[in-house]
>>> print(open('data-v6.cif').read())   # mmCIF, C-alpha atoms and all ligand atoms
data_run
loop_
_atom_site.label_atom_id
_atom_site.label_comp_id
_atom_site.auth_asym_id
_atom_site.auth_seq_id
_atom_site.Cartn_x
_atom_site.Cartn_y
_atom_site.Cartn_z
CA MET A 55 144.55 81.49 149.30
CA TYR A 56 143.86 84.63 148.57
CA ALA A 57 146.52 87.08 147.50
CA GLN A 58 144.79 90.16 146.36
CA GLY A 59 146.45 93.04 144.61
CA LEU A 60 149.16 94.00 147.03
CA ILE A 61 148.12 96.84 149.32
CA GLY A 62 150.60 99.54 150.23
CA ALA A 63 153.83 98.05 148.97
CA ASP A 64 156.86 100.29 149.05
CA GLY A 65 159.42 99.15 146.51
CA LYS A 66 161.83 102.03 147.20
CA THR A 67 165.37 100.87 147.10
CA GLY A 68 168.76 102.54 147.58
CA GLU A 69 171.35 100.37 145.85
CA SER A 70 173.81 101.46 143.19
CA PRO A 71 172.64 101.45 139.57
CA GLU A 72 175.24 98.76 138.78
CA PHE A 73 173.90 96.47 141.48
CA LEU A 74 170.31 97.00 140.39
CA GLU A 75 171.19 96.40 136.78
CA ALA A 76 173.03 93.15 137.55
CA PHE A 77 170.05 92.01 139.63
CA GLN A 78 167.62 92.90 136.85
CA LYS A 79 169.72 90.89 134.40
CA ARG A 80 169.30 87.80 136.56
CA ILE A 81 165.55 88.39 136.71
CA ASP A 82 165.31 88.96 132.96
CA ALA A 83 167.17 85.70 132.38
CA GLU A 84 164.41 83.97 134.43
CA GLU A 85 166.93 83.04 137.10
CA LYS A 86 165.26 82.37 140.45
CA ILE A 87 166.43 84.42 143.42
CA GLU A 88 167.14 82.29 146.49
CA PRO A 89 167.14 83.30 150.18
CA ASN A 90 170.81 84.18 150.74
CA ASP A 91 171.33 85.87 147.37
CA ALA A 92 172.07 89.56 147.25
CA MET A 93 168.84 91.45 146.44
CA PRO A 94 167.63 95.05 146.45
CA GLU A 95 166.09 96.13 149.73
CA GLY A 96 162.91 97.12 147.90
CA TYR A 97 162.61 93.64 146.42
CA ARG A 98 163.01 92.09 149.86
CA LYS A 99 160.53 94.47 151.49
CA THR A 100 157.93 94.05 148.78
CA LEU A 101 158.13 90.28 149.03
CA ILE A 102 157.96 90.27 152.83
CA ARG A 103 154.86 92.39 152.64
CA GLN A 104 153.22 90.44 149.85
CA ILE A 105 154.00 86.96 151.19
CA GLY A 106 153.00 88.10 154.68
CA GLN A 107 149.66 89.47 153.43
CA HIS A 108 149.13 86.28 151.51
CA ALA A 109 149.88 84.10 154.56
CA HIS A 110 147.59 86.18 156.78
CA SER A 111 144.84 85.86 154.18
CA GLU A 112 145.07 82.07 154.28
CA ILE A 113 144.85 82.04 158.06
CA VAL A 114 142.11 84.65 158.44
CA GLY A 115 140.34 82.94 155.53
CA MET A 116 139.82 79.89 157.75
CA LEU A 117 137.40 81.89 159.92
CA PRO A 118 134.43 82.56 157.61
CA GLU A 119 134.35 78.92 156.47
CA GLY A 120 135.15 77.53 159.90
CA ASN A 121 131.93 79.24 160.92
CA TRP A 122 129.99 76.55 158.99
CA ILE A 123 131.88 73.35 159.79
CA THR A 124 129.57 72.32 162.63
CA ARG A 125 126.50 73.18 160.56
CA ALA A 126 127.43 71.53 157.26
CA PRO A 127 124.34 69.75 155.92
CA SER A 128 125.86 66.27 155.63
CA LEU A 129 128.84 64.26 156.79
CA LYS A 130 130.28 64.36 153.28
CA ARG A 131 130.08 68.16 153.16
CA LYS A 132 131.49 68.44 156.66
CA ALA A 133 134.49 66.22 155.89
CA ALA A 134 135.20 68.17 152.70
CA LEU A 135 134.90 71.56 154.39
CA LEU A 136 137.10 70.44 157.27
CA ALA A 137 139.74 69.26 154.78
CA LYS A 138 139.52 72.53 152.87
CA VAL A 139 139.90 74.67 155.96
CA GLN A 140 142.82 72.50 157.07
CA ASP A 141 144.43 73.06 153.66
CA GLU A 142 144.12 76.82 154.12
CA GLY A 143 145.94 76.51 157.44
CA GLY A 144 148.66 74.59 155.61
CA HIS A 145 148.85 77.28 152.91
CA GLY A 146 149.37 79.88 155.61
CA LEU A 147 152.22 77.84 157.06
CA TYR A 148 153.98 77.31 153.69
CA LEU A 149 153.77 81.04 153.10
CA TYR A 150 154.94 82.15 156.54
CA SER A 151 157.95 79.88 156.05
CA ALA A 152 158.66 81.43 152.65
CA ALA A 153 158.48 84.93 154.19
CA GLU A 154 160.79 83.87 157.01
CA THR A 155 163.53 83.06 154.49
CA LEU A 156 163.66 86.82 153.84
CA GLY A 157 164.62 87.60 157.43
CA VAL A 158 161.28 88.41 159.07
CA SER A 159 160.24 86.36 162.11
CA ARG A 160 156.95 84.52 162.55
CA GLU A 161 156.39 86.44 165.80
CA GLN A 162 156.81 89.75 164.02
CA MET A 163 154.35 88.80 161.29
CA THR A 164 151.81 87.60 163.84
CA GLU A 165 152.16 90.84 165.79
CA GLU A 166 151.67 92.93 162.67
CA LEU A 167 148.48 91.05 161.81
CA HIS A 168 147.12 91.55 165.31
CA SER A 169 148.02 95.23 165.48
CA GLY A 170 146.41 95.90 162.11
CA LYS A 171 149.74 96.95 160.58
CA ALA A 172 149.68 94.03 158.14
CA LYS A 173 146.72 93.57 155.83
CA TYR A 174 144.94 90.46 154.63
CA SER A 175 142.53 90.04 151.75
CA SER A 176 139.48 92.18 152.45
CA ILE A 177 137.16 89.47 151.08
CA PHE A 178 137.27 87.85 154.53
CA ASN A 179 135.71 90.87 156.14
CA TYR A 180 132.37 89.86 154.68
CA PRO A 181 130.13 87.55 156.76
CA THR A 182 129.11 84.00 155.79
CA LEU A 183 125.37 84.21 156.38
CA THR A 184 124.08 80.97 154.85
CA TRP A 185 125.33 77.55 153.77
CA ALA A 186 125.23 78.77 150.17
CA ASP A 187 128.02 81.20 151.04
CA ILE A 188 130.32 78.21 151.54
CA GLY A 189 129.63 77.04 148.00
CA ILE A 190 130.08 80.53 146.59
CA ILE A 191 133.35 81.03 148.48
CA GLY A 192 134.81 77.81 147.09
CA TRP A 193 133.67 78.57 143.57
CA LEU A 194 134.41 82.30 143.40
CA VAL A 195 136.84 83.22 146.19
CA ASP A 196 139.06 80.20 145.66
CA GLY A 197 138.50 80.60 141.92
CA ALA A 198 139.76 84.19 142.03
CA ALA A 199 142.62 83.06 144.22
CA ILE A 200 143.63 80.44 141.66
CA MET A 201 143.71 83.09 138.89
CA ASN A 202 146.00 85.15 141.07
CA GLN A 203 148.18 82.30 142.22
CA ILE A 204 148.93 80.42 139.04
CA PRO A 205 151.21 83.18 137.75
CA LEU A 206 152.81 83.38 141.21
CA CYS A 207 154.11 79.84 140.68
CA ARG A 208 156.59 81.52 138.31
CA CYS A 209 157.47 84.35 140.69
CA SER A 210 161.17 85.24 140.63
CA TYR A 211 161.63 84.45 144.32
CA GLY A 212 162.28 80.71 144.63
CA PRO A 213 160.71 79.91 148.02
CA TYR A 214 157.52 81.84 147.17
CA ALA A 215 157.23 80.15 143.79
CA ARG A 216 157.71 76.71 145.35
CA ALA A 217 155.12 77.40 148.06
CA MET A 218 152.67 78.54 145.38
CA ILE A 219 153.12 75.34 143.39
CA ARG A 220 152.07 73.32 146.45
CA VAL A 221 149.17 75.69 147.11
CA CYS A 222 147.91 75.61 143.51
CA LYS A 223 147.87 71.80 143.50
CA GLU A 224 145.51 71.91 146.47
CA GLU A 225 143.25 74.76 145.39
CA SER A 226 141.50 73.02 142.55
CA PHE A 227 139.69 70.71 144.98
CA HIS A 228 138.53 73.82 146.85
CA GLN A 229 136.98 75.36 143.80
CA ARG A 230 135.34 72.15 142.61
CA GLN A 231 133.82 71.33 146.01
CA GLY A 232 132.41 74.87 146.10
CA TYR A 233 130.95 74.66 142.62
CA GLU A 234 129.40 71.30 143.46
CA ILE A 235 127.66 72.84 146.50
CA VAL A 236 126.42 75.71 144.32
CA MET A 237 125.24 73.27 141.66
CA THR A 238 123.35 71.14 144.19
CA LEU A 239 121.55 74.19 145.55
CA ALA A 240 120.89 75.65 142.10
CA GLN A 241 119.22 72.40 141.08
CA GLY A 242 117.38 72.04 144.38
CA THR A 243 114.15 73.47 145.79
CA PRO A 244 113.03 77.04 145.00
CA ALA A 245 114.20 78.05 148.49
CA GLN A 246 117.66 76.57 147.88
CA ARG A 247 117.84 78.28 144.51
CA GLU A 248 116.94 81.57 146.05
CA MET A 249 119.53 81.09 148.77
CA VAL A 250 122.35 80.44 146.33
CA GLN A 251 121.34 83.33 144.06
CA ASP A 252 121.33 85.63 147.09
CA ALA A 253 124.82 84.45 148.03
CA LEU A 254 126.08 85.09 144.50
CA ASN A 255 124.53 88.56 144.57
CA ARG A 256 126.31 89.41 147.80
CA TRP A 257 129.76 87.98 146.90
CA TRP A 258 130.16 88.87 143.22
CA TRP A 259 131.42 92.44 143.58
CA PRO A 260 133.67 91.83 146.60
CA VAL A 261 135.22 88.93 144.66
CA LEU A 262 136.00 91.20 141.70
CA MET A 263 137.68 93.57 144.18
CA MET A 264 140.02 90.75 145.26
CA PHE A 265 142.17 91.48 142.20
CA GLY A 266 142.99 94.89 143.63
CA PRO A 267 142.71 98.44 142.29
CA HIS A 268 142.71 99.23 138.57
CA ASP A 269 146.13 99.22 136.95
CA SER A 270 145.94 102.98 136.55
CA ASP A 271 145.57 103.37 140.34
CA SER A 272 147.88 100.67 141.51
CA GLN A 273 151.17 102.06 142.78
CA HIS A 274 154.46 100.20 142.38
CA SER A 275 152.86 97.80 139.94
CA ASP A 276 155.47 98.44 137.23
CA GLN A 277 158.39 97.74 139.53
CA ASN A 278 156.80 94.48 140.70
CA MET A 279 156.26 93.42 137.12
CA ALA A 280 159.88 94.25 136.25
CA TRP A 281 161.07 92.18 139.20
CA LYS A 282 158.70 89.41 138.14
CA ILE A 283 157.07 89.28 141.54
CA LYS A 284 153.92 89.87 139.57
CA ARG A 285 153.33 88.57 136.06
CA PHE A 286 149.96 89.99 135.08
CA SER A 287 148.22 93.23 135.95
CA ASN A 288 145.24 93.37 138.31
CA ASP A 289 142.86 94.25 135.49
CA ALA A 290 144.13 91.48 133.19
CA LEU A 291 143.58 88.86 135.90
CA ARG A 292 140.16 90.26 136.78
CA GLN A 293 139.09 90.06 133.12
CA LYS A 294 140.35 86.49 132.86
CA PHE A 295 138.38 85.57 135.95
CA VAL A 296 135.14 87.13 134.70
CA ASP A 297 135.51 85.42 131.32
CA ALA A 298 136.05 82.03 132.95
CA THR A 299 133.36 82.38 135.61
CA VAL A 300 130.31 83.87 133.92
CA PRO A 301 129.63 80.81 131.72
CA GLN A 302 129.92 78.56 134.80
CA GLY A 303 127.19 80.57 136.50
CA GLU A 304 125.00 80.71 133.43
CA TYR A 305 125.31 76.95 133.09
CA LEU A 306 123.46 76.71 136.41
CA GLY A 307 120.88 79.31 135.39
CA LEU A 308 122.24 81.83 137.90
CA THR A 309 122.40 85.54 137.17
CA PHE A 310 125.12 88.02 138.06
CA PRO A 311 124.23 91.25 139.87
CA ASP A 312 125.59 93.47 137.11
CA PRO A 313 123.20 94.91 134.48
CA GLU A 314 126.20 95.95 132.36
CA LEU A 315 127.66 92.46 132.18
CA LYS A 316 127.63 91.30 128.58
CA TRP A 317 129.77 89.46 126.06
CA ASN A 318 131.87 91.70 123.86
CA GLU A 319 132.58 89.84 120.65
CA GLU A 320 135.20 92.33 119.55
CA LYS A 321 137.45 92.00 122.58
CA GLY A 322 136.59 88.35 123.07
CA GLY A 323 135.64 88.90 126.68
CA TYR A 324 132.88 90.22 128.90
CA ASP A 325 132.27 93.88 129.60
CA PHE A 326 131.25 94.58 133.15
CA GLY A 327 130.05 97.51 135.23
CA PRO A 328 132.10 99.85 137.43
CA ILE A 329 133.47 98.53 140.72
CA ASP A 330 132.68 100.48 143.89
CA TRP A 331 136.21 101.31 145.01
CA ASP A 332 134.92 103.39 147.90
CA GLU A 333 133.55 100.18 149.38
CA PHE A 334 136.85 98.41 148.74
CA TRP A 335 138.90 101.04 150.58
CA ARG A 336 136.35 101.30 153.37
CA VAL A 337 136.65 97.55 154.01
CA VAL A 338 140.46 97.51 153.65
CA LYS A 339 140.67 100.31 156.22
CA GLY A 340 138.62 98.44 158.78
CA GLY A 341 135.04 99.37 157.92
CA GLY A 342 133.82 95.95 156.79
CA VAL A 343 131.18 94.04 158.72
CA MET A 344 133.66 91.48 160.08
CA ASN A 345 137.03 93.31 160.38
CA ARG A 346 136.83 93.60 164.15
CA ASP A 347 135.63 90.04 164.69
CA ARG A 348 138.36 88.56 162.50
CA ILE A 349 141.20 90.23 164.40
CA ARG A 350 139.51 89.57 167.73
CA ASP A 351 139.27 85.85 166.86
CA ARG A 352 142.86 85.64 165.65
CA LYS A 353 144.12 87.35 168.79
CA ALA A 354 142.02 85.09 171.01
CA ALA A 355 143.39 82.00 169.23
CA TRP A 356 146.94 83.27 169.73
CA GLU A 357 146.47 84.24 173.36
CA ASN A 358 144.50 81.15 174.32
CA GLY A 359 147.18 79.00 172.72
CA ALA A 360 150.05 80.67 174.58
CA TRP A 361 150.08 78.13 177.40
CA VAL A 362 150.31 75.29 174.88
CA ARG A 363 153.34 76.82 173.18
CA GLU A 364 154.96 77.50 176.55
CA ALA A 365 154.24 74.00 177.81
CA ALA A 366 155.65 72.44 174.63
CA LEU A 367 158.87 74.45 174.96
CA ALA A 368 159.14 73.60 178.67
CA HIS A 369 158.60 69.92 177.90
CA ALA A 370 161.26 70.02 175.17
CA GLU A 371 163.67 71.69 177.60
CA LYS A 372 162.95 69.07 180.28
CA ARG A 373 163.61 66.24 177.84
CA ARG A 374 166.86 67.87 176.76
CA GLN A 375 168.01 68.20 180.37
CA ARG A 376 167.09 64.63 181.21
CA ALA A 377 168.98 63.38 178.18
CA ALA A 378 172.00 65.46 179.20
CA GLU A 379 171.87 64.10 182.76
CA ALA A 380 171.48 60.53 181.55
CA ALA A 381 174.30 60.72 179.02
CA PRO A 382 177.30 60.85 181.43
CA ILE A 383 175.88 58.01 183.50
CA ALA A 384 175.50 55.84 180.44
CA ALA A 385 179.07 56.65 179.47
CA GLU A 386 180.48 55.62 182.84
CA MET B 228 158.60 81.71 179.83
CA SER B 229 159.63 83.26 176.57
CA GLY B 230 161.62 82.12 173.59
CA GLU B 231 160.87 81.46 169.99
CA VAL B 232 159.68 78.08 168.85
CA PRO B 233 162.60 76.61 166.84
CA LEU B 234 162.56 76.27 163.06
CA TRP B 235 162.93 72.87 161.35
CA GLU B 236 163.59 71.91 157.75
CA VAL B 237 161.40 69.12 156.41
CA PHE B 238 162.53 66.42 153.96
CA ILE B 239 160.20 63.85 152.46
CA ARG B 240 160.83 60.61 150.58
CA PRO B 241 158.04 60.49 147.99
CA ARG B 242 158.32 56.71 147.75
CA ASN B 243 160.86 54.03 148.43
CA GLY B 244 163.65 54.08 145.90
CA LEU B 245 163.83 57.90 145.87
CA SER B 246 165.85 60.24 148.08
CA HIS B 247 164.37 62.47 150.74
CA LYS B 248 163.81 65.90 149.24
CA HIS B 249 163.49 69.28 150.94
CA VAL B 250 159.85 70.40 150.93
CA GLY B 251 159.77 73.36 153.32
CA SER B 252 160.07 74.28 156.95
CA LEU B 253 158.00 74.69 160.09
CA HIS B 254 158.21 75.70 163.74
CA ALA B 255 157.98 73.13 166.54
CA ALA B 256 159.14 72.91 170.14
CA ASP B 257 160.98 69.60 169.67
CA GLU B 258 161.67 66.85 167.15
CA VAL B 259 158.57 64.84 168.11
CA MET B 260 156.25 67.75 167.50
CA ALA B 261 158.20 68.70 164.37
CA LEU B 262 157.57 65.24 162.91
CA ASN B 263 153.88 65.38 163.79
CA ALA B 264 153.49 68.84 162.30
CA ALA B 265 155.42 67.85 159.17
CA ARG B 266 153.04 64.94 158.68
CA ASP B 267 150.03 67.25 158.98
CA VAL B 268 151.41 70.11 156.93
CA TYR B 269 153.35 68.36 154.17
CA THR B 270 151.77 64.93 153.63
CA ARG B 271 148.01 65.47 153.39
CA ARG B 272 147.76 63.85 149.97
CA GLY B 273 150.10 60.91 149.85
CA GLU B 274 153.22 63.00 149.24
CA GLY B 275 155.51 60.58 150.99
CA THR B 276 156.39 57.45 152.91
CA SER B 277 159.10 58.86 155.17
CA ILE B 278 159.90 62.22 156.81
CA TRP B 279 163.14 63.73 158.10
CA VAL B 280 163.14 66.88 160.23
CA VAL B 281 166.40 68.75 160.84
CA PRO B 282 166.89 71.83 163.03
CA SER B 283 167.40 74.69 160.57
CA LYS B 284 170.30 76.00 162.59
CA ALA B 285 172.14 72.69 162.07
CA ILE B 286 172.44 73.38 158.35
CA THR B 287 175.64 74.94 157.05
CA ALA B 288 175.18 76.45 153.61
CA SER B 289 177.65 77.56 150.97
CA ASP B 290 177.84 81.29 150.37
CA PRO B 291 175.94 82.38 147.24
CA ASP B 292 178.52 85.16 146.74
CA GLN B 293 181.10 82.43 146.22
CA ALA B 294 178.95 80.50 143.78
CA ALA B 295 181.11 81.58 140.85
CA GLU B 296 184.42 80.40 142.31
CA ASN B 297 182.82 77.26 143.72
CA PHE B 298 180.92 76.04 140.73
CA GLU B 299 182.04 77.74 137.56
CA PRO B 300 185.48 76.08 137.15
CA THR B 301 183.73 72.80 136.52
CA ALA B 302 182.42 74.16 133.21
CA GLY B 303 186.01 74.29 131.90
CA LYS B 304 186.73 70.67 132.69
CA VAL B 305 185.22 69.21 129.57
CA TYR B 306 187.45 66.13 129.79
CA ARG B 307 185.21 64.94 132.65
CA HIS B 308 182.52 64.14 130.12
CA PRO B 309 182.44 61.10 127.84
CA THR B 310 181.81 63.20 124.72
CA PHE B 311 185.30 64.75 125.08
CA TYR B 312 186.88 61.56 123.78
CA GLU B 313 186.84 60.73 120.08
CA ILE B 314 186.30 57.06 119.43
CA PRO B 315 185.64 55.82 115.85
CA ASP B 316 182.05 54.77 115.20
CA ASP B 317 183.38 51.43 113.98
CA VAL B 318 184.24 50.50 117.56
CA GLY B 319 180.54 50.44 118.36
CA HIS B 320 178.70 51.79 121.36
CA MET B 321 180.90 52.57 124.33
FE FE A 401 144.51 78.65 150.13
FE FE A 402 141.58 77.53 148.98
#
>>> encode(input="data-v6.cif", output="structure tokens", more="lines below")
Ligand SMILES: [Fe+2]
Ligand SMILES: [Fe+2]
Amino acid sequence: MYAQGLIGADGKTGESPEFLEAFQKRIDAEEKIEPNDAMPEGYRKTLIRQIGQHAHSEIVGMLPEGNWITRAPSLKRKAALLAKVQDEGGHGLYLYSAAETLGVSREQMTEELHSGKAKYSSIFNYPTLTWADIGIIGWLVDGAAIMNQIPLCRCSYGPYARAMIRVCKEESFHQRQGYEIVMTLAQGTPAQREMVQDALNRWWWPVLMMFGPHDSDSQHSDQNMAWKIKRFSNDALRQKFVDATVPQGEYLGLTFPDPELKWNEEKGGYDFGPIDWDEFWRVVKGGGVMNRDRIRDRKAAWENGAWVREAALAHAEKRRQRAAEAAPIAAE
Amino acid sequence: MSGEVPLWEVFIRPRNGLSHKHVGSLHAADEVMALNAARDVYTRRGEGTSIWVVPSKAITASDPDQAAENFEPTAGKVYRHPTFYEIPDDVGHM
């Protein structure tokens, strides 16, 4: 996974105050909302957008790692990476299904990804230059994803929460296999050490951006918290992630590319330097190194697979017709 | 040729002795492909020993707006529960 702070959600809603209040009461009572229940339009739209972005992120997220499957350094690493990438495909499918329960079609979501209308996590617009990147992605990108996703297991929308429970069960293998790759390199030759440190230097800041804009700049955040689509603020999750991750890196003797990173006894957490939000928005808006390649590859996969989908439907139709023709004869 | 790939609901029996349980849904052209996809998507880690796939459109669901009239009256029927009946302790466990 990789839900990042939701980009561009519009929680505007036009129902009567009585309706909204009754809905809020259900949410406050920790009741789950299920697909056919009455819900505010803003709640539905926000979820469609968030679950859609999340699903797209899983699917696009297969590309940077898929890039290394054929070049994994051993059979063990290749099998693990293949299984991880397959999991991400599965996560995308659970999530698309959850979004579909809200009345959006798979075709529509696919189109919106391809046209650029729907976003996906901008972390996947960075290139995977070396094998060490695969370790760092598992450790940090999946690690950040886990921070984001654990609270989503308690999201007020039932199908999303259930999908997240399945996803979370599978993510911990992703993070551990990544950390093990990082550990192997960190304890390897000087060249391997250098390679993994370089990967950490390149990924650290983009990973911190995965949690989305600062709370003060994040629109609609309050409404999403009230509806319990979101349980913790972007900044709270980012802090939790930094506090959990820095000791794991230090354990391996790695350094983080932030001169301001230091333990703050008083707050019981790490202080860290300012995030370059200009870079974040530049990448979200299409200016990352890999934005064009990612969409080009997704489109190519969709278009090159069209004949398979058509053939499968034609085959299903032929079988149905044959069964229909055979049935009266058998009955005679 | 156009047309959307149909939606299927997937049910899995975690192990013999338990019922099949709804786990999610997926798109597939027919029931053979639906079963194959369900195996790949929903049973990658020993989640089950048997799969059912059902076309989503074959499911008829109760209306959530009628949940109150459907399910609330049962709360008033306390005499359906064993604790409604007073039996002296001396009789022993019953
Ligand atoms: Fe995932
Ligand atoms: Fe993952």
>>> interface_residues(input="data-v6.cif", of="chain B", to="chain A", cutoff="8 Å", atoms="all atoms listed in the file", output="list in words")
Met228, Ser229, Glu231, Val232, Gly251, Ser252, Leu253, Ala256, Asp257, Val268, Tyr269, Asp290, Pro291 and Asp292 of chain B
>>> write_last_selection(input="data-v6.cif", atoms="C-alpha atoms", output="PDB file, in the coordinates of the input")
ATOM      1  CA  MET B 228     158.600  81.710 179.830  1.00  0.00           C
ATOM      2  CA  SER B 229     159.630  83.260 176.570  1.00  0.00           C
ATOM      3  CA  GLU B 231     160.870  81.460 169.990  1.00  0.00           C
ATOM      4  CA  VAL B 232     159.680  78.080 168.850  1.00  0.00           C
ATOM      5  CA  GLY B 251     159.770  73.360 153.320  1.00  0.00           C
ATOM      6  CA  SER B 252     160.070  74.280 156.950  1.00  0.00           C
ATOM      7  CA  LEU B 253     158.000  74.690 160.090  1.00  0.00           C
ATOM      8  CA  ALA B 256     159.140  72.910 170.140  1.00  0.00           C
ATOM      9  CA  ASP B 257     160.980  69.600 169.670  1.00  0.00           C
ATOM     10  CA  VAL B 268     151.410  70.110 156.930  1.00  0.00           C
ATOM     11  CA  TYR B 269     153.350  68.360 154.170  1.00  0.00           C
ATOM     12  CA  ASP B 290     177.840  81.290 150.370  1.00  0.00           C
ATOM     13  CA  PRO B 291     175.940  82.380 147.240  1.00  0.00           C
ATOM     14  CA  ASP B 292     178.520  85.160 146.740  1.00  0.00           C
TER      15      ASP B 292
END
>>> atom_distance(input="data-v6.cif", atom1="CA of Glu314 (chain A)", atom2="CA of Ala253 (chain A)")
19.5 Å
>>> atom_distance(input="data-v6.cif", atom1="CA of Leu135 (chain A)", atom2="CA of Arg208 (chain A)")
28.8 Å
>>> residues_around(input="data-v6.cif", residues="region 186-189 of chain A", least_positions_apart="4", cutoff="12 Å", atoms="only C-alpha atoms", output="mmCIF file with C-alpha atoms, in the coordinates of the input")
data_model
loop_
_atom_site.group_PDB
_atom_site.id
_atom_site.type_symbol
_atom_site.label_atom_id
_atom_site.label_comp_id
_atom_site.auth_asym_id
_atom_site.auth_seq_id
_atom_site.Cartn_x
_atom_site.Cartn_y
_atom_site.Cartn_z
ATOM 1 C CA GLY A 115 140.340 82.940 155.530
ATOM 2 C CA MET A 116 139.820 79.890 157.750
ATOM 3 C CA LEU A 117 137.400 81.890 159.920
ATOM 4 C CA PRO A 118 134.430 82.560 157.610
ATOM 5 C CA GLU A 119 134.350 78.920 156.470
ATOM 6 C CA GLY A 120 135.150 77.530 159.900
ATOM 7 C CA ASN A 121 131.930 79.240 160.920
ATOM 8 C CA TRP A 122 129.990 76.550 158.990
ATOM 9 C CA ILE A 123 131.880 73.350 159.790
ATOM 10 C CA ARG A 125 126.500 73.180 160.560
ATOM 11 C CA ALA A 126 127.430 71.530 157.260
ATOM 12 C CA PRO A 127 124.340 69.750 155.920
ATOM 13 C CA ARG A 131 130.080 68.160 153.160
ATOM 14 C CA LYS A 132 131.490 68.440 156.660
ATOM 15 C CA ALA A 134 135.200 68.170 152.700
ATOM 16 C CA LEU A 135 134.900 71.560 154.390
ATOM 17 C CA LEU A 136 137.100 70.440 157.270
ATOM 18 C CA LYS A 138 139.520 72.530 152.870
ATOM 19 C CA VAL A 139 139.900 74.670 155.960
ATOM 20 C CA PHE A 178 137.270 87.850 154.530
ATOM 21 C CA TYR A 180 132.370 89.860 154.680
ATOM 22 C CA PRO A 181 130.130 87.550 156.760
ATOM 23 C CA THR A 182 129.110 84.000 155.790
ATOM 24 C CA TRP A 193 133.670 78.570 143.570
ATOM 25 C CA LEU A 194 134.410 82.300 143.400
ATOM 26 C CA VAL A 195 136.840 83.220 146.190
ATOM 27 C CA ASP A 196 139.060 80.200 145.660
ATOM 28 C CA GLY A 197 138.500 80.600 141.920
ATOM 29 C CA HIS A 228 138.530 73.820 146.850
ATOM 30 C CA GLN A 229 136.980 75.360 143.800
ATOM 31 C CA ARG A 230 135.340 72.150 142.610
ATOM 32 C CA GLN A 231 133.820 71.330 146.010
ATOM 33 C CA GLY A 232 132.410 74.870 146.100
ATOM 34 C CA TYR A 233 130.950 74.660 142.620
ATOM 35 C CA GLU A 234 129.400 71.300 143.460
ATOM 36 C CA ILE A 235 127.660 72.840 146.500
ATOM 37 C CA VAL A 236 126.420 75.710 144.320
ATOM 38 C CA MET A 237 125.240 73.270 141.660
ATOM 39 C CA THR A 238 123.350 71.140 144.190
ATOM 40 C CA LEU A 239 121.550 74.190 145.550
ATOM 41 C CA ALA A 240 120.890 75.650 142.100
ATOM 42 C CA GLY A 242 117.380 72.040 144.380
ATOM 43 C CA ALA A 245 114.200 78.050 148.490
ATOM 44 C CA GLN A 246 117.660 76.570 147.880
ATOM 45 C CA ARG A 247 117.840 78.280 144.510
ATOM 46 C CA GLU A 248 116.940 81.570 146.050
ATOM 47 C CA MET A 249 119.530 81.090 148.770
ATOM 48 C CA VAL A 250 122.350 80.440 146.330
ATOM 49 C CA GLN A 251 121.340 83.330 144.060
ATOM 50 C CA ASP A 252 121.330 85.630 147.090
ATOM 51 C CA ALA A 253 124.820 84.450 148.030
ATOM 52 C CA LEU A 254 126.080 85.090 144.500
ATOM 53 C CA ASN A 255 124.530 88.560 144.570
ATOM 54 C CA ARG A 256 126.310 89.410 147.800
ATOM 55 C CA TRP A 257 129.760 87.980 146.900
ATOM 56 C CA TRP A 258 130.160 88.870 143.220
#
>>> residues_around(input="data-v6.cif", residues="Tyr174 (chain A)", least_positions_apart="4", cutoff="8 Å", atoms="all atoms listed in the file", output="PyMOL selection string")
chain A and resi 107-108+110-111+114
>>> axis_aligned_box(input="data-v6.cif", around="region 283-302 of chain B", padding_each_side="4 Å", output="lines of an AutoDock Vina configuration file")
center_x = 176.4
center_y = 78.9
center_z = 147.9
size_x = 26.1
size_y = 20.5
size_z = 37.4
>>> atom_distance(input="data-v6.cif", atom1="CA of Asn318 (chain A)", atom2="CA of Pro301 (chain A)")
13.6 Å
>>> closest_residue(input="data-v6.cif", among="A:Asp332, A:Asp276, A:Ile190, A:Gly322", to="Gln302 (chain A)", atoms="all atoms listed in the file")
A:Ile190
>>> residues_near_point(input="data-v6.cif", point="(159.4, 73.4, 164.8)", cutoff="10 Å", atoms="only C-alpha atoms", output="PyMOL selection string")
chain B and resi 231-237+252-265+280-283
>>> closest_residue(input="data-v6.cif", among="A:Ser226, A:Gln375, A:Ser270, A:Gln277", to="ligand FE 401 (chain A)", atoms="all atoms listed in the file")
A:Ser226
>>> closest_residue(input="data-v6.cif", among="A:Ala355, A:Ile191, A:Cys207, A:Met344", to="ligand FE 402 (chain A)", atoms="only C-alpha atoms and all ligand atoms")
A:Ile191
>>> residues_near_point(input="data-v6.cif", point="(163.7, 80.7, 133.0)", cutoff="12 Å", atoms="only C-alpha atoms", output="list in words")
Lys79, Arg80, Ile81, Asp82, Ala83, Glu84, Glu85, Lys86, Ile87, Arg208, Cys209, Ser210, Gly212 and Lys282 of chain A
